[in-house]
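final37.cif (mmCIF, N, CA and C atoms)
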```cif
data_query
loop_
_atom_site.label_atom_id
_atom_site.label_comp_id
_atom_site.auth_asym_id
_atom_site.auth_seq_id
_atom_site.Cartn_x
_atom_site.Cartn_y
_atom_site.Cartn_z
N MET A 598 -14.27 -27.86 9.93
CA MET A 598 -13.67 -26.99 8.96
C MET A 598 -12.80 -25.97 9.71
N ALA A 599 -11.57 -25.78 9.24
CA ALA A 599 -10.66 -24.83 9.88
C ALA A 599 -11.10 -23.40 9.58
N ARG A 600 -11.04 -22.58 10.60
CA ARG A 600 -11.42 -21.18 10.44
C ARG A 600 -10.16 -20.36 10.19
N SER A 601 -10.22 -19.49 9.19
CA SER A 601 -9.10 -18.63 8.87
C SER A 601 -9.16 -17.37 9.73
N THR A 602 -8.04 -17.03 10.33
CA THR A 602 -7.99 -15.81 11.12
C THR A 602 -6.83 -14.95 10.64
N THR A 603 -7.03 -13.67 10.69
CA THR A 603 -5.99 -12.73 10.32
C THR A 603 -5.25 -12.30 11.58
N ARG A 604 -3.96 -12.45 11.56
CA ARG A 604 -3.15 -11.98 12.69
C ARG A 604 -3.09 -10.46 12.62
N THR A 605 -3.40 -9.80 13.73
CA THR A 605 -3.42 -8.35 13.75
C THR A 605 -2.58 -7.82 14.92
N GLN A 606 -2.32 -6.55 14.86
CA GLN A 606 -1.62 -5.84 15.93
C GLN A 606 -2.44 -4.60 16.26
N SER A 607 -2.65 -4.35 17.53
CA SER A 607 -3.38 -3.16 17.94
C SER A 607 -2.60 -1.91 17.56
N CYS A 608 -3.32 -0.88 17.21
CA CYS A 608 -2.70 0.41 16.90
C CYS A 608 -3.74 1.51 17.14
N ASP A 609 -3.26 2.72 17.24
CA ASP A 609 -4.14 3.83 17.56
C ASP A 609 -3.91 4.98 16.57
N ARG A 610 -4.47 6.13 16.91
CA ARG A 610 -4.34 7.29 16.02
C ARG A 610 -2.87 7.68 15.80
N SER A 611 -2.07 7.58 16.84
CA SER A 611 -0.65 7.89 16.71
C SER A 611 0.01 6.97 15.68
N GLY A 612 -0.30 5.69 15.76
CA GLY A 612 0.21 4.73 14.78
C GLY A 612 -0.29 5.03 13.39
N ALA A 613 -1.56 5.42 13.29
CA ALA A 613 -2.14 5.77 11.99
C ALA A 613 -1.40 6.96 11.39
N LEU A 614 -1.10 7.96 12.20
CA LEU A 614 -0.39 9.14 11.70
C LEU A 614 1.04 8.81 11.29
N THR A 615 1.69 7.92 12.04
CA THR A 615 3.04 7.48 11.68
C THR A 615 3.04 6.77 10.35
N ARG A 616 2.14 5.79 10.20
CA ARG A 616 2.09 5.04 8.94
C ARG A 616 1.66 5.92 7.77
N LEU A 617 0.79 6.91 8.03
CA LEU A 617 0.39 7.83 6.97
C LEU A 617 1.59 8.66 6.51
N ALA A 618 2.37 9.15 7.44
CA ALA A 618 3.56 9.92 7.09
C ALA A 618 4.55 9.06 6.30
N GLN A 619 4.70 7.80 6.67
CA GLN A 619 5.59 6.90 5.93
C GLN A 619 5.06 6.66 4.53
N ALA A 620 3.75 6.47 4.41
CA ALA A 620 3.14 6.27 3.09
C ALA A 620 3.38 7.47 2.20
N GLU A 621 3.22 8.66 2.76
CA GLU A 621 3.45 9.88 1.98
C GLU A 621 4.90 9.99 1.53
N ALA A 622 5.84 9.64 2.40
CA ALA A 622 7.26 9.69 2.03
C ALA A 622 7.58 8.67 0.93
N PHE A 623 7.06 7.44 1.06
CA PHE A 623 7.27 6.44 0.01
C PHE A 623 6.69 6.92 -1.32
N LEU A 624 5.48 7.49 -1.28
CA LEU A 624 4.85 7.95 -2.51
C LEU A 624 5.61 9.12 -3.11
N ASP A 625 6.06 10.07 -2.28
CA ASP A 625 6.85 11.19 -2.79
C ASP A 625 8.08 10.68 -3.53
N ALA A 626 8.77 9.72 -2.93
CA ALA A 626 9.96 9.15 -3.57
C ALA A 626 9.59 8.42 -4.86
N ALA A 627 8.51 7.67 -4.84
CA ALA A 627 8.08 6.95 -6.04
C ALA A 627 7.77 7.91 -7.17
N GLU A 628 7.11 9.02 -6.85
CA GLU A 628 6.76 9.99 -7.89
C GLU A 628 8.01 10.66 -8.47
N LEU A 629 9.04 10.86 -7.66
CA LEU A 629 10.29 11.41 -8.17
C LEU A 629 10.99 10.41 -9.09
N VAL A 630 11.02 9.17 -8.66
CA VAL A 630 11.75 8.14 -9.40
C VAL A 630 11.03 7.73 -10.68
N VAL A 631 9.71 7.68 -10.66
CA VAL A 631 8.98 7.17 -11.82
C VAL A 631 9.20 8.04 -13.06
N ASP A 632 9.49 9.31 -12.86
CA ASP A 632 9.71 10.21 -14.00
C ASP A 632 11.16 10.25 -14.47
N ASP A 633 12.03 9.53 -13.78
CA ASP A 633 13.45 9.50 -14.13
C ASP A 633 13.69 8.33 -15.08
N ASP A 634 13.94 8.66 -16.35
CA ASP A 634 14.13 7.60 -17.34
C ASP A 634 15.60 7.37 -17.66
N SER A 635 16.49 7.71 -16.71
CA SER A 635 17.92 7.60 -16.96
C SER A 635 18.46 6.17 -16.85
N ASP A 636 17.68 5.28 -16.29
CA ASP A 636 18.17 3.92 -16.06
C ASP A 636 17.01 2.95 -16.22
N VAL A 637 17.28 1.79 -16.78
CA VAL A 637 16.24 0.79 -17.01
C VAL A 637 15.67 0.26 -15.69
N SER A 638 16.41 0.39 -14.60
CA SER A 638 15.95 -0.15 -13.31
C SER A 638 15.03 0.80 -12.56
N THR A 639 14.97 2.08 -12.93
CA THR A 639 14.19 3.03 -12.14
C THR A 639 12.69 2.73 -12.11
N PRO A 640 12.07 2.22 -13.16
CA PRO A 640 10.64 1.87 -13.02
C PRO A 640 10.42 0.80 -11.94
N SER A 641 11.32 -0.16 -11.82
CA SER A 641 11.19 -1.18 -10.77
C SER A 641 11.33 -0.57 -9.39
N VAL A 642 12.20 0.41 -9.25
CA VAL A 642 12.37 1.09 -7.96
C VAL A 642 11.10 1.87 -7.64
N ALA A 643 10.56 2.59 -8.62
CA ALA A 643 9.32 3.34 -8.40
C ALA A 643 8.18 2.40 -8.04
N ALA A 644 8.10 1.27 -8.72
CA ALA A 644 7.05 0.29 -8.43
C ALA A 644 7.19 -0.26 -7.02
N SER A 645 8.40 -0.55 -6.61
CA SER A 645 8.65 -1.06 -5.26
C SER A 645 8.25 -0.03 -4.21
N LEU A 646 8.58 1.22 -4.43
CA LEU A 646 8.19 2.29 -3.51
C LEU A 646 6.67 2.45 -3.48
N ALA A 647 6.02 2.27 -4.61
CA ALA A 647 4.55 2.35 -4.66
C ALA A 647 3.93 1.25 -3.81
N VAL A 648 4.50 0.05 -3.86
CA VAL A 648 4.00 -1.05 -3.02
C VAL A 648 4.15 -0.69 -1.55
N LEU A 649 5.31 -0.18 -1.17
CA LEU A 649 5.54 0.20 0.22
C LEU A 649 4.58 1.31 0.65
N ALA A 650 4.32 2.25 -0.24
CA ALA A 650 3.36 3.33 0.06
C ALA A 650 1.97 2.76 0.27
N GLY A 651 1.58 1.81 -0.57
CA GLY A 651 0.25 1.20 -0.44
C GLY A 651 0.09 0.43 0.85
N ILE A 652 1.11 -0.31 1.24
CA ILE A 652 1.05 -1.08 2.49
C ILE A 652 0.96 -0.14 3.69
N ALA A 653 1.77 0.91 3.69
CA ALA A 653 1.74 1.87 4.80
C ALA A 653 0.41 2.60 4.85
N ALA A 654 -0.14 2.97 3.69
CA ALA A 654 -1.44 3.64 3.65
C ALA A 654 -2.54 2.72 4.17
N SER A 655 -2.46 1.45 3.82
CA SER A 655 -3.42 0.47 4.31
C SER A 655 -3.36 0.39 5.83
N ASP A 656 -2.15 0.31 6.37
CA ASP A 656 -1.99 0.28 7.82
C ASP A 656 -2.60 1.52 8.46
N ALA A 657 -2.35 2.68 7.87
CA ALA A 657 -2.87 3.93 8.43
C ALA A 657 -4.39 3.92 8.48
N ALA A 658 -5.02 3.50 7.40
CA ALA A 658 -6.49 3.47 7.36
C ALA A 658 -7.04 2.47 8.37
N CYS A 659 -6.42 1.30 8.44
CA CYS A 659 -6.89 0.27 9.38
C CYS A 659 -6.70 0.73 10.83
N CYS A 660 -5.55 1.32 11.14
CA CYS A 660 -5.32 1.81 12.50
C CYS A 660 -6.36 2.87 12.86
N ALA A 661 -6.62 3.78 11.95
CA ALA A 661 -7.54 4.88 12.23
C ALA A 661 -8.97 4.41 12.40
N ARG A 662 -9.40 3.47 11.57
CA ARG A 662 -10.81 3.07 11.56
C ARG A 662 -11.11 1.80 12.33
N LEU A 663 -10.13 0.89 12.44
CA LEU A 663 -10.38 -0.41 13.07
C LEU A 663 -9.61 -0.60 14.38
N GLY A 664 -8.57 0.19 14.60
CA GLY A 664 -7.76 0.03 15.79
C GLY A 664 -6.79 -1.13 15.73
N VAL A 665 -6.66 -1.75 14.56
CA VAL A 665 -5.71 -2.84 14.34
C VAL A 665 -5.18 -2.74 12.91
N ARG A 666 -4.03 -3.38 12.71
CA ARG A 666 -3.49 -3.52 11.35
C ARG A 666 -3.08 -4.97 11.16
N ALA A 667 -3.06 -5.42 9.95
CA ALA A 667 -2.70 -6.81 9.64
C ALA A 667 -1.21 -7.02 9.90
N ARG A 668 -0.87 -8.14 10.49
CA ARG A 668 0.52 -8.49 10.79
C ARG A 668 0.84 -9.92 10.40
N GLY A 669 -0.01 -10.54 9.61
CA GLY A 669 0.23 -11.92 9.20
C GLY A 669 1.23 -12.03 8.07
N GLN A 670 1.55 -13.25 7.71
CA GLN A 670 2.49 -13.53 6.64
C GLN A 670 1.92 -13.22 5.26
N SER A 671 0.61 -13.28 5.13
CA SER A 671 -0.03 -13.09 3.83
C SER A 671 -0.52 -11.66 3.67
N HIS A 672 0.00 -10.99 2.65
CA HIS A 672 -0.48 -9.63 2.38
C HIS A 672 -1.94 -9.65 1.94
N THR A 673 -2.42 -10.78 1.45
CA THR A 673 -3.83 -10.88 1.08
C THR A 673 -4.72 -10.66 2.28
N GLU A 674 -4.26 -11.09 3.45
CA GLU A 674 -5.02 -10.84 4.68
C GLU A 674 -5.12 -9.34 4.95
N ALA A 675 -4.06 -8.61 4.65
CA ALA A 675 -4.09 -7.15 4.84
C ALA A 675 -5.12 -6.52 3.93
N ALA A 676 -5.21 -6.99 2.70
CA ALA A 676 -6.20 -6.45 1.77
C ALA A 676 -7.62 -6.78 2.25
N ALA A 677 -7.81 -7.99 2.76
CA ALA A 677 -9.14 -8.37 3.27
C ALA A 677 -9.52 -7.51 4.47
N LEU A 678 -8.59 -7.28 5.38
CA LEU A 678 -8.87 -6.42 6.53
C LEU A 678 -9.17 -5.00 6.08
N LEU A 679 -8.40 -4.48 5.15
CA LEU A 679 -8.63 -3.13 4.61
C LEU A 679 -10.01 -3.02 3.99
N GLY A 680 -10.48 -4.08 3.38
CA GLY A 680 -11.80 -4.08 2.77
C GLY A 680 -12.93 -3.85 3.75
N THR A 681 -12.66 -4.03 5.05
CA THR A 681 -13.70 -3.82 6.06
C THR A 681 -13.75 -2.38 6.56
N VAL A 682 -12.81 -1.56 6.15
CA VAL A 682 -12.78 -0.15 6.57
C VAL A 682 -13.94 0.59 5.90
N GLU A 683 -14.61 1.40 6.68
CA GLU A 683 -15.69 2.23 6.14
C GLU A 683 -15.37 3.69 6.37
N PRO A 684 -15.64 4.53 5.39
CA PRO A 684 -16.06 4.22 4.03
C PRO A 684 -14.87 3.93 3.12
N GLY A 685 -15.14 3.35 1.99
CA GLY A 685 -14.16 3.18 0.93
C GLY A 685 -13.24 2.00 1.01
N GLY A 686 -13.46 1.10 1.95
CA GLY A 686 -12.56 -0.03 2.12
C GLY A 686 -12.44 -0.93 0.90
N ALA A 687 -13.55 -1.16 0.23
CA ALA A 687 -13.52 -2.07 -0.93
C ALA A 687 -12.61 -1.52 -2.02
N GLY A 688 -12.70 -0.24 -2.30
CA GLY A 688 -11.85 0.37 -3.32
C GLY A 688 -10.39 0.39 -2.91
N MET A 689 -10.15 0.69 -1.64
CA MET A 689 -8.77 0.68 -1.14
C MET A 689 -8.18 -0.73 -1.23
N ALA A 690 -8.98 -1.72 -0.86
CA ALA A 690 -8.51 -3.12 -0.90
C ALA A 690 -8.18 -3.53 -2.33
N LYS A 691 -8.97 -3.07 -3.28
CA LYS A 691 -8.72 -3.41 -4.69
C LYS A 691 -7.38 -2.82 -5.15
N ASP A 692 -7.13 -1.55 -4.80
CA ASP A 692 -5.85 -0.94 -5.18
C ASP A 692 -4.69 -1.61 -4.46
N LEU A 693 -4.85 -1.92 -3.18
CA LEU A 693 -3.78 -2.60 -2.45
C LEU A 693 -3.50 -3.96 -3.08
N GLN A 694 -4.53 -4.72 -3.41
CA GLN A 694 -4.32 -6.04 -4.01
C GLN A 694 -3.61 -5.92 -5.35
N ARG A 695 -3.95 -4.91 -6.13
CA ARG A 695 -3.25 -4.69 -7.41
C ARG A 695 -1.75 -4.49 -7.16
N LEU A 696 -1.44 -3.67 -6.16
CA LEU A 696 -0.03 -3.44 -5.84
C LEU A 696 0.64 -4.72 -5.35
N LEU A 697 -0.04 -5.43 -4.47
CA LEU A 697 0.53 -6.65 -3.91
C LEU A 697 0.75 -7.72 -4.97
N ASN A 698 -0.13 -7.76 -5.97
CA ASN A 698 0.02 -8.73 -7.06
C ASN A 698 1.30 -8.51 -7.84
N ARG A 699 1.84 -7.30 -7.77
CA ARG A 699 3.06 -6.96 -8.52
C ARG A 699 4.28 -6.79 -7.61
N LYS A 700 4.08 -7.07 -6.33
CA LYS A 700 5.16 -6.87 -5.34
C LYS A 700 6.39 -7.71 -5.67
N ASP A 701 6.22 -8.98 -5.88
CA ASP A 701 7.37 -9.85 -6.13
C ASP A 701 8.14 -9.42 -7.37
N ASP A 702 7.42 -9.10 -8.45
CA ASP A 702 8.11 -8.67 -9.67
C ASP A 702 8.88 -7.38 -9.46
N SER A 703 8.28 -6.44 -8.73
CA SER A 703 8.94 -5.15 -8.55
C SER A 703 10.09 -5.21 -7.55
N GLN A 704 9.97 -6.05 -6.54
CA GLN A 704 10.99 -6.06 -5.49
C GLN A 704 12.00 -7.19 -5.63
N TYR A 705 11.60 -8.30 -6.21
CA TYR A 705 12.49 -9.46 -6.26
C TYR A 705 12.68 -10.03 -7.66
N GLY A 706 11.98 -9.47 -8.63
CA GLY A 706 11.97 -10.04 -9.97
C GLY A 706 13.28 -9.89 -10.71
N LEU A 707 13.47 -10.77 -11.65
CA LEU A 707 14.65 -10.73 -12.50
C LEU A 707 14.40 -9.94 -13.78
N VAL A 708 13.15 -9.58 -14.02
CA VAL A 708 12.78 -8.78 -15.17
C VAL A 708 12.33 -7.42 -14.66
N PHE A 709 12.79 -6.36 -15.29
CA PHE A 709 12.43 -5.03 -14.85
C PHE A 709 10.96 -4.73 -15.14
N VAL A 710 10.35 -3.95 -14.26
CA VAL A 710 8.98 -3.47 -14.45
C VAL A 710 9.03 -2.38 -15.51
N SER A 711 8.04 -2.35 -16.40
CA SER A 711 8.02 -1.32 -17.45
C SER A 711 7.65 0.04 -16.86
N ALA A 712 7.99 1.08 -17.57
CA ALA A 712 7.67 2.44 -17.13
C ALA A 712 6.16 2.63 -17.03
N GLY A 713 5.42 2.08 -17.96
CA GLY A 713 3.96 2.19 -17.91
C GLY A 713 3.35 1.50 -16.71
N GLU A 714 3.85 0.31 -16.41
CA GLU A 714 3.36 -0.43 -15.25
C GLU A 714 3.71 0.31 -13.96
N ALA A 715 4.91 0.84 -13.88
CA ALA A 715 5.31 1.60 -12.70
C ALA A 715 4.42 2.83 -12.52
N SER A 716 4.10 3.51 -13.60
CA SER A 716 3.21 4.68 -13.53
C SER A 716 1.83 4.29 -13.02
N ARG A 717 1.31 3.17 -13.49
CA ARG A 717 0.01 2.69 -13.01
C ARG A 717 0.07 2.38 -11.52
N MET A 718 1.14 1.74 -11.11
CA MET A 718 1.29 1.38 -9.70
C MET A 718 1.38 2.62 -8.81
N VAL A 719 2.10 3.62 -9.26
CA VAL A 719 2.18 4.87 -8.50
C VAL A 719 0.80 5.51 -8.42
N GLY A 720 0.03 5.43 -9.49
CA GLY A 720 -1.34 5.95 -9.48
C GLY A 720 -2.23 5.23 -8.48
N TRP A 721 -2.13 3.91 -8.40
CA TRP A 721 -2.93 3.14 -7.44
C TRP A 721 -2.53 3.51 -6.01
N ALA A 722 -1.22 3.64 -5.78
CA ALA A 722 -0.75 4.02 -4.45
C ALA A 722 -1.23 5.42 -4.08
N LYS A 723 -1.22 6.31 -5.04
CA LYS A 723 -1.67 7.68 -4.80
C LYS A 723 -3.15 7.71 -4.43
N ARG A 724 -3.95 6.96 -5.16
CA ARG A 724 -5.39 6.90 -4.86
C ARG A 724 -5.63 6.27 -3.49
N LEU A 725 -4.91 5.20 -3.19
CA LEU A 725 -5.03 4.54 -1.90
C LEU A 725 -4.63 5.49 -0.77
N LEU A 726 -3.57 6.23 -0.97
CA LEU A 726 -3.12 7.18 0.04
C LEU A 726 -4.16 8.28 0.26
N GLY A 727 -4.79 8.74 -0.80
CA GLY A 727 -5.84 9.75 -0.65
C GLY A 727 -6.99 9.26 0.22
N HIS A 728 -7.41 8.03 -0.01
CA HIS A 728 -8.48 7.43 0.83
C HIS A 728 -8.01 7.26 2.27
N ALA A 729 -6.76 6.83 2.43
CA ALA A 729 -6.23 6.62 3.79
C ALA A 729 -6.16 7.95 4.53
N ARG A 730 -5.75 9.00 3.83
CA ARG A 730 -5.71 10.34 4.46
C ARG A 730 -7.08 10.72 4.99
N ARG A 731 -8.10 10.50 4.18
CA ARG A 731 -9.47 10.83 4.60
C ARG A 731 -9.89 9.97 5.80
N ALA A 732 -9.49 8.71 5.81
CA ALA A 732 -9.83 7.82 6.92
C ALA A 732 -9.18 8.28 8.21
N VAL A 733 -7.96 8.74 8.12
CA VAL A 733 -7.22 9.18 9.30
C VAL A 733 -7.72 10.54 9.78
N GLU A 734 -8.05 11.42 8.86
CA GLU A 734 -8.45 12.77 9.21
C GLU A 734 -9.88 12.87 9.68
N ALA A 735 -10.69 11.85 9.43
CA ALA A 735 -12.10 11.91 9.81
C ALA A 735 -12.31 11.78 11.31
#
```

What is this structure when it is put down as structure tokens?
Amino acid sequence: MARSTTRTQSCDRSGALTRLAQAEAFLDAAELVVDDDSDVSTPSVAASLAVLAGIAASDAACCARLGVRARGQSHTEAAALLGTVEPGGAGMAKDLQRLLNRKDDSQYGLVFVSAGEASRMVGWAKRLLGHARRAVEA
């Protein structure tokens, strides 16, 4: 039986702080855009920024707690690796997977993401970032 392995990249506290800062910037931008109802495309932009914030927050938590971050082709591997972070990995992985499940629609889709869906995605990214902050600061 073939064994599944997650491709990872070593990282340290410096990397964790860099990815945390990037996650915060993506989330700040998402929060600004999600409230702008001037264009039908802005919820998709906010959703895309929320996905980027979630991925960066995941990297920050993994770097801080595990010393590695996922670098494989499958974002599902990143969620599985995040799930091993203690404490709170399971909840963070759930929020990351929710964001990743909507990544293609928000970033590459031909149909715009609704304002309600974008707001939910920003909320998941915000919660994930809060957990990542605690992981990095501990």

>> Could you list, as a ChimeraX atom specification, every residue within 7 Å of Val630 (chain A), counting only N, CA and C atoms and ignoring same-chain residues fewer than 5 positions away?
In response: /A:625,639-640,642-643

Please write the residues picked by the PyMOL selection byres ((chain A and resi 653) around 8) on this file as a PDB file with N, CA and C atoms, in the frame of the given file.
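Saved as out14.pdb:
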```pdb
ATOM      1  N   THR A 615       1.690   7.920  12.040  1.00  0.00           N
ATOM      2  CA  THR A 615       3.040   7.480  11.680  1.00  0.00           C
ATOM      3  C   THR A 615       3.040   6.770  10.350  1.00  0.00           C
ATOM      4  N   ARG A 616       2.140   5.790  10.200  1.00  0.00           N
ATOM      5  CA  ARG A 616       2.090   5.040   8.940  1.00  0.00           C
ATOM      6  C   ARG A 616       1.660   5.920   7.770  1.00  0.00           C
ATOM      7  N   LEU A 617       0.790   6.910   8.030  1.00  0.00           N
ATOM      8  CA  LEU A 617       0.390   7.830   6.970  1.00  0.00           C
ATOM      9  C   LEU A 617       1.590   8.660   6.510  1.00  0.00           C
ATOM     10  N   ALA A 618       2.370   9.150   7.440  1.00  0.00           N
ATOM     11  CA  ALA A 618       3.560   9.920   7.090  1.00  0.00           C
ATOM     12  C   ALA A 618       4.550   9.060   6.300  1.00  0.00           C
ATOM     13  N   GLN A 619       4.700   7.800   6.670  1.00  0.00           N
ATOM     14  CA  GLN A 619       5.590   6.900   5.930  1.00  0.00           C
ATOM     15  C   GLN A 619       5.060   6.660   4.530  1.00  0.00           C
ATOM     16  N   ALA A 620       3.750   6.470   4.410  1.00  0.00           N
ATOM     17  CA  ALA A 620       3.140   6.270   3.090  1.00  0.00           C
ATOM     18  C   ALA A 620       3.380   7.470   2.200  1.00  0.00           C
ATOM     19  N   GLU A 621       3.220   8.660   2.760  1.00  0.00           N
ATOM     20  CA  GLU A 621       3.450   9.880   1.980  1.00  0.00           C
ATOM     21  C   GLU A 621       4.900   9.990   1.530  1.00  0.00           C
ATOM     22  N   ALA A 647       6.020   2.270  -4.610  1.00  0.00           N
ATOM     23  CA  ALA A 647       4.550   2.350  -4.660  1.00  0.00           C
ATOM     24  C   ALA A 647       3.930   1.250  -3.810  1.00  0.00           C
ATOM     25  N   VAL A 648       4.500   0.050  -3.860  1.00  0.00           N
ATOM     26  CA  VAL A 648       4.000  -1.050  -3.020  1.00  0.00           C
ATOM     27  C   VAL A 648       4.150  -0.690  -1.550  1.00  0.00           C
ATOM     28  N   LEU A 649       5.310  -0.180  -1.170  1.00  0.00           N
ATOM     29  CA  LEU A 649       5.540   0.200   0.220  1.00  0.00           C
ATOM     30  C   LEU A 649       4.580   1.310   0.650  1.00  0.00           C
ATOM     31  N   ALA A 650       4.320   2.250  -0.240  1.00  0.00           N
ATOM     32  CA  ALA A 650       3.360   3.330   0.060  1.00  0.00           C
ATOM     33  C   ALA A 650       1.970   2.760   0.270  1.00  0.00           C
ATOM     34  N   GLY A 651       1.580   1.810  -0.570  1.00  0.00           N
ATOM     35  CA  GLY A 651       0.250   1.200  -0.440  1.00  0.00           C
ATOM     36  C   GLY A 651       0.090   0.430   0.850  1.00  0.00           C
ATOM     37  N   ILE A 652       1.110  -0.310   1.240  1.00  0.00           N
ATOM     38  CA  ILE A 652       1.050  -1.080   2.490  1.00  0.00           C
ATOM     39  C   ILE A 652       0.960  -0.140   3.690  1.00  0.00           C
ATOM     40  N   ALA A 654      -0.140   2.970   3.690  1.00  0.00           N
ATOM     41  CA  ALA A 654      -1.440   3.640   3.650  1.00  0.00           C
ATOM     42  C   ALA A 654      -2.540   2.720   4.170  1.00  0.00           C
ATOM     43  N   SER A 655      -2.460   1.450   3.820  1.00  0.00           N
ATOM     44  CA  SER A 655      -3.420   0.470   4.310  1.00  0.00           C
ATOM     45  C   SER A 655      -3.360   0.390   5.830  1.00  0.00           C
ATOM     46  N   ASP A 656      -2.150   0.310   6.370  1.00  0.00           N
ATOM     47  CA  ASP A 656      -1.990   0.280   7.820  1.00  0.00           C
ATOM     48  C   ASP A 656      -2.600   1.520   8.460  1.00  0.00           C
ATOM     49  N   ALA A 657      -2.350   2.680   7.870  1.00  0.00           N
ATOM     50  CA  ALA A 657      -2.870   3.930   8.430  1.00  0.00           C
ATOM     51  C   ALA A 657      -4.390   3.920   8.480  1.00  0.00           C
ATOM     52  N   ALA A 658      -5.020   3.500   7.400  1.00  0.00           N
ATOM     53  CA  ALA A 658      -6.490   3.470   7.360  1.00  0.00           C
ATOM     54  C   ALA A 658      -7.040   2.470   8.370  1.00  0.00           C
ATOM     55  N   CYS A 659      -6.420   1.300   8.440  1.00  0.00           N
ATOM     56  CA  CYS A 659      -6.890   0.270   9.380  1.00  0.00           C
ATOM     57  C   CYS A 659      -6.700   0.730  10.830  1.00  0.00           C
ATOM     58  N   LEU A 726      -3.570   6.230  -0.970  1.00  0.00           N
ATOM     59  CA  LEU A 726      -3.120   7.180   0.040  1.00  0.00           C
ATOM     60  C   LEU A 726      -4.160   8.280   0.260  1.00  0.00           C
ATOM     61  N   ALA A 729      -6.760   6.830   2.430  1.00  0.00           N
ATOM     62  CA  ALA A 729      -6.230   6.620   3.790  1.00  0.00           C
ATOM     63  C   ALA A 729      -6.160   7.950   4.530  1.00  0.00           C
TER      64      ALA A 729
END
```

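For chain A, the set of residues given strand (DSSP E or B) by DSSP on the backbone reads Thr605, Gln606, Ser607, Val665, Arg666 and Ala667 of chain A.
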
Can you write out the residues you just picked, keeping N, CA and C atoms, as a PDB file, in the frame of the given file?
```pdb
ATOM      1  N   THR A 605      -3.400  -9.800  13.730  1.00  0.00           N
ATOM      2  CA  THR A 605      -3.420  -8.350  13.750  1.00  0.00           C
ATOM      3  C   THR A 605      -2.580  -7.820  14.920  1.00  0.00           C
ATOM      4  N   GLN A 606      -2.320  -6.550  14.860  1.00  0.00           N
ATOM      5  CA  GLN A 606      -1.620  -5.840  15.930  1.00  0.00           C
ATOM      6  C   GLN A 606      -2.440  -4.600  16.260  1.00  0.00           C
ATOM      7  N   SER A 607      -2.650  -4.350  17.530  1.00  0.00           N
ATOM      8  CA  SER A 607      -3.380  -3.160  17.940  1.00  0.00           C
ATOM      9  C   SER A 607      -2.600  -1.910  17.560  1.00  0.00           C
ATOM     10  N   VAL A 665      -6.660  -1.750  14.560  1.00  0.00           N
ATOM     11  CA  VAL A 665      -5.710  -2.840  14.340  1.00  0.00           C
ATOM     12  C   VAL A 665      -5.180  -2.740  12.910  1.00  0.00           C
ATOM     13  N   ARG A 666      -4.030  -3.380  12.710  1.00  0.00           N
ATOM     14  CA  ARG A 666      -3.490  -3.520  11.350  1.00  0.00           C
ATOM     15  C   ARG A 666      -3.080  -4.970  11.160  1.00  0.00           C
ATOM     16  N   ALA A 667      -3.060  -5.420   9.950  1.00  0.00           N
ATOM     17  CA  ALA A 667      -2.700  -6.810   9.640  1.00  0.00           C
ATOM     18  C   ALA A 667      -1.210  -7.020   9.900  1.00  0.00           C
TER      19      ALA A 667
END
```

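Using only N, CA and C atoms, the nearest neighbour of Ser638 (chain A) within the list A:Leu663, A:Val733, A:Val719, A:Val710 is A:Val710.
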
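Atom C of Leu624 (chain A) sits 17.0 Å away from CA of Arg731 (chain A).
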
> What does the distance from atom C of Glu714 (chain A) to atom N of Ser671 (chain A) come to in Å, to one decimal?
Replying inline: 23.6 Å

In file coordinates, which residues lie within 8 Å of (-3.1, -7.0, 1.2) using all atoms listed in the file, given as a compact mmCIF listing (two decimals) with N, CA and C atoms, keeping the file's coordinate frame?
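For reference, part_22.txt as written:
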```txt
# COMPACT_ATOMS: atom_id res chain seq x y z
N ILE A 652 1.11 -0.31 1.24
CA ILE A 652 1.05 -1.08 2.49
C ILE A 652 0.96 -0.14 3.69
N SER A 671 0.61 -13.28 5.13
CA SER A 671 -0.03 -13.09 3.83
C SER A 671 -0.52 -11.66 3.67
N HIS A 672 0.00 -10.99 2.65
CA HIS A 672 -0.48 -9.63 2.38
C HIS A 672 -1.94 -9.65 1.94
N THR A 673 -2.42 -10.78 1.45
CA THR A 673 -3.83 -10.88 1.08
C THR A 673 -4.72 -10.66 2.28
N GLU A 674 -4.26 -11.09 3.45
CA GLU A 674 -5.02 -10.84 4.68
C GLU A 674 -5.12 -9.34 4.95
N ALA A 675 -4.06 -8.61 4.65
CA ALA A 675 -4.09 -7.15 4.84
C ALA A 675 -5.12 -6.52 3.93
N ALA A 676 -5.21 -6.99 2.70
CA ALA A 676 -6.20 -6.45 1.77
C ALA A 676 -7.62 -6.78 2.25
N ALA A 677 -7.81 -7.99 2.76
CA ALA A 677 -9.14 -8.37 3.27
C ALA A 677 -9.52 -7.51 4.47
N LEU A 678 -8.59 -7.28 5.38
CA LEU A 678 -8.87 -6.42 6.53
C LEU A 678 -9.17 -5.00 6.08
N LEU A 679 -8.40 -4.48 5.15
CA LEU A 679 -8.63 -3.13 4.61
C LEU A 679 -10.01 -3.02 3.99
N ALA A 690 -8.98 -1.72 -0.86
CA ALA A 690 -8.51 -3.12 -0.90
C ALA A 690 -8.18 -3.53 -2.33
N ASP A 692 -7.13 -1.55 -4.80
CA ASP A 692 -5.85 -0.94 -5.18
C ASP A 692 -4.69 -1.61 -4.46
N LEU A 693 -4.85 -1.92 -3.18
CA LEU A 693 -3.78 -2.60 -2.45
C LEU A 693 -3.50 -3.96 -3.08
N GLN A 694 -4.53 -4.72 -3.41
CA GLN A 694 -4.32 -6.04 -4.01
C GLN A 694 -3.61 -5.92 -5.35
N ARG A 695 -3.95 -4.91 -6.13
CA ARG A 695 -3.25 -4.69 -7.41
C ARG A 695 -1.75 -4.49 -7.16
N LEU A 696 -1.44 -3.67 -6.16
CA LEU A 696 -0.03 -3.44 -5.84
C LEU A 696 0.64 -4.72 -5.35
N LEU A 697 -0.04 -5.43 -4.47
CA LEU A 697 0.53 -6.65 -3.91
C LEU A 697 0.75 -7.72 -4.97
N ASN A 698 -0.13 -7.76 -5.97
CA ASN A 698 0.02 -8.73 -7.06
C ASN A 698 1.30 -8.51 -7.84
```
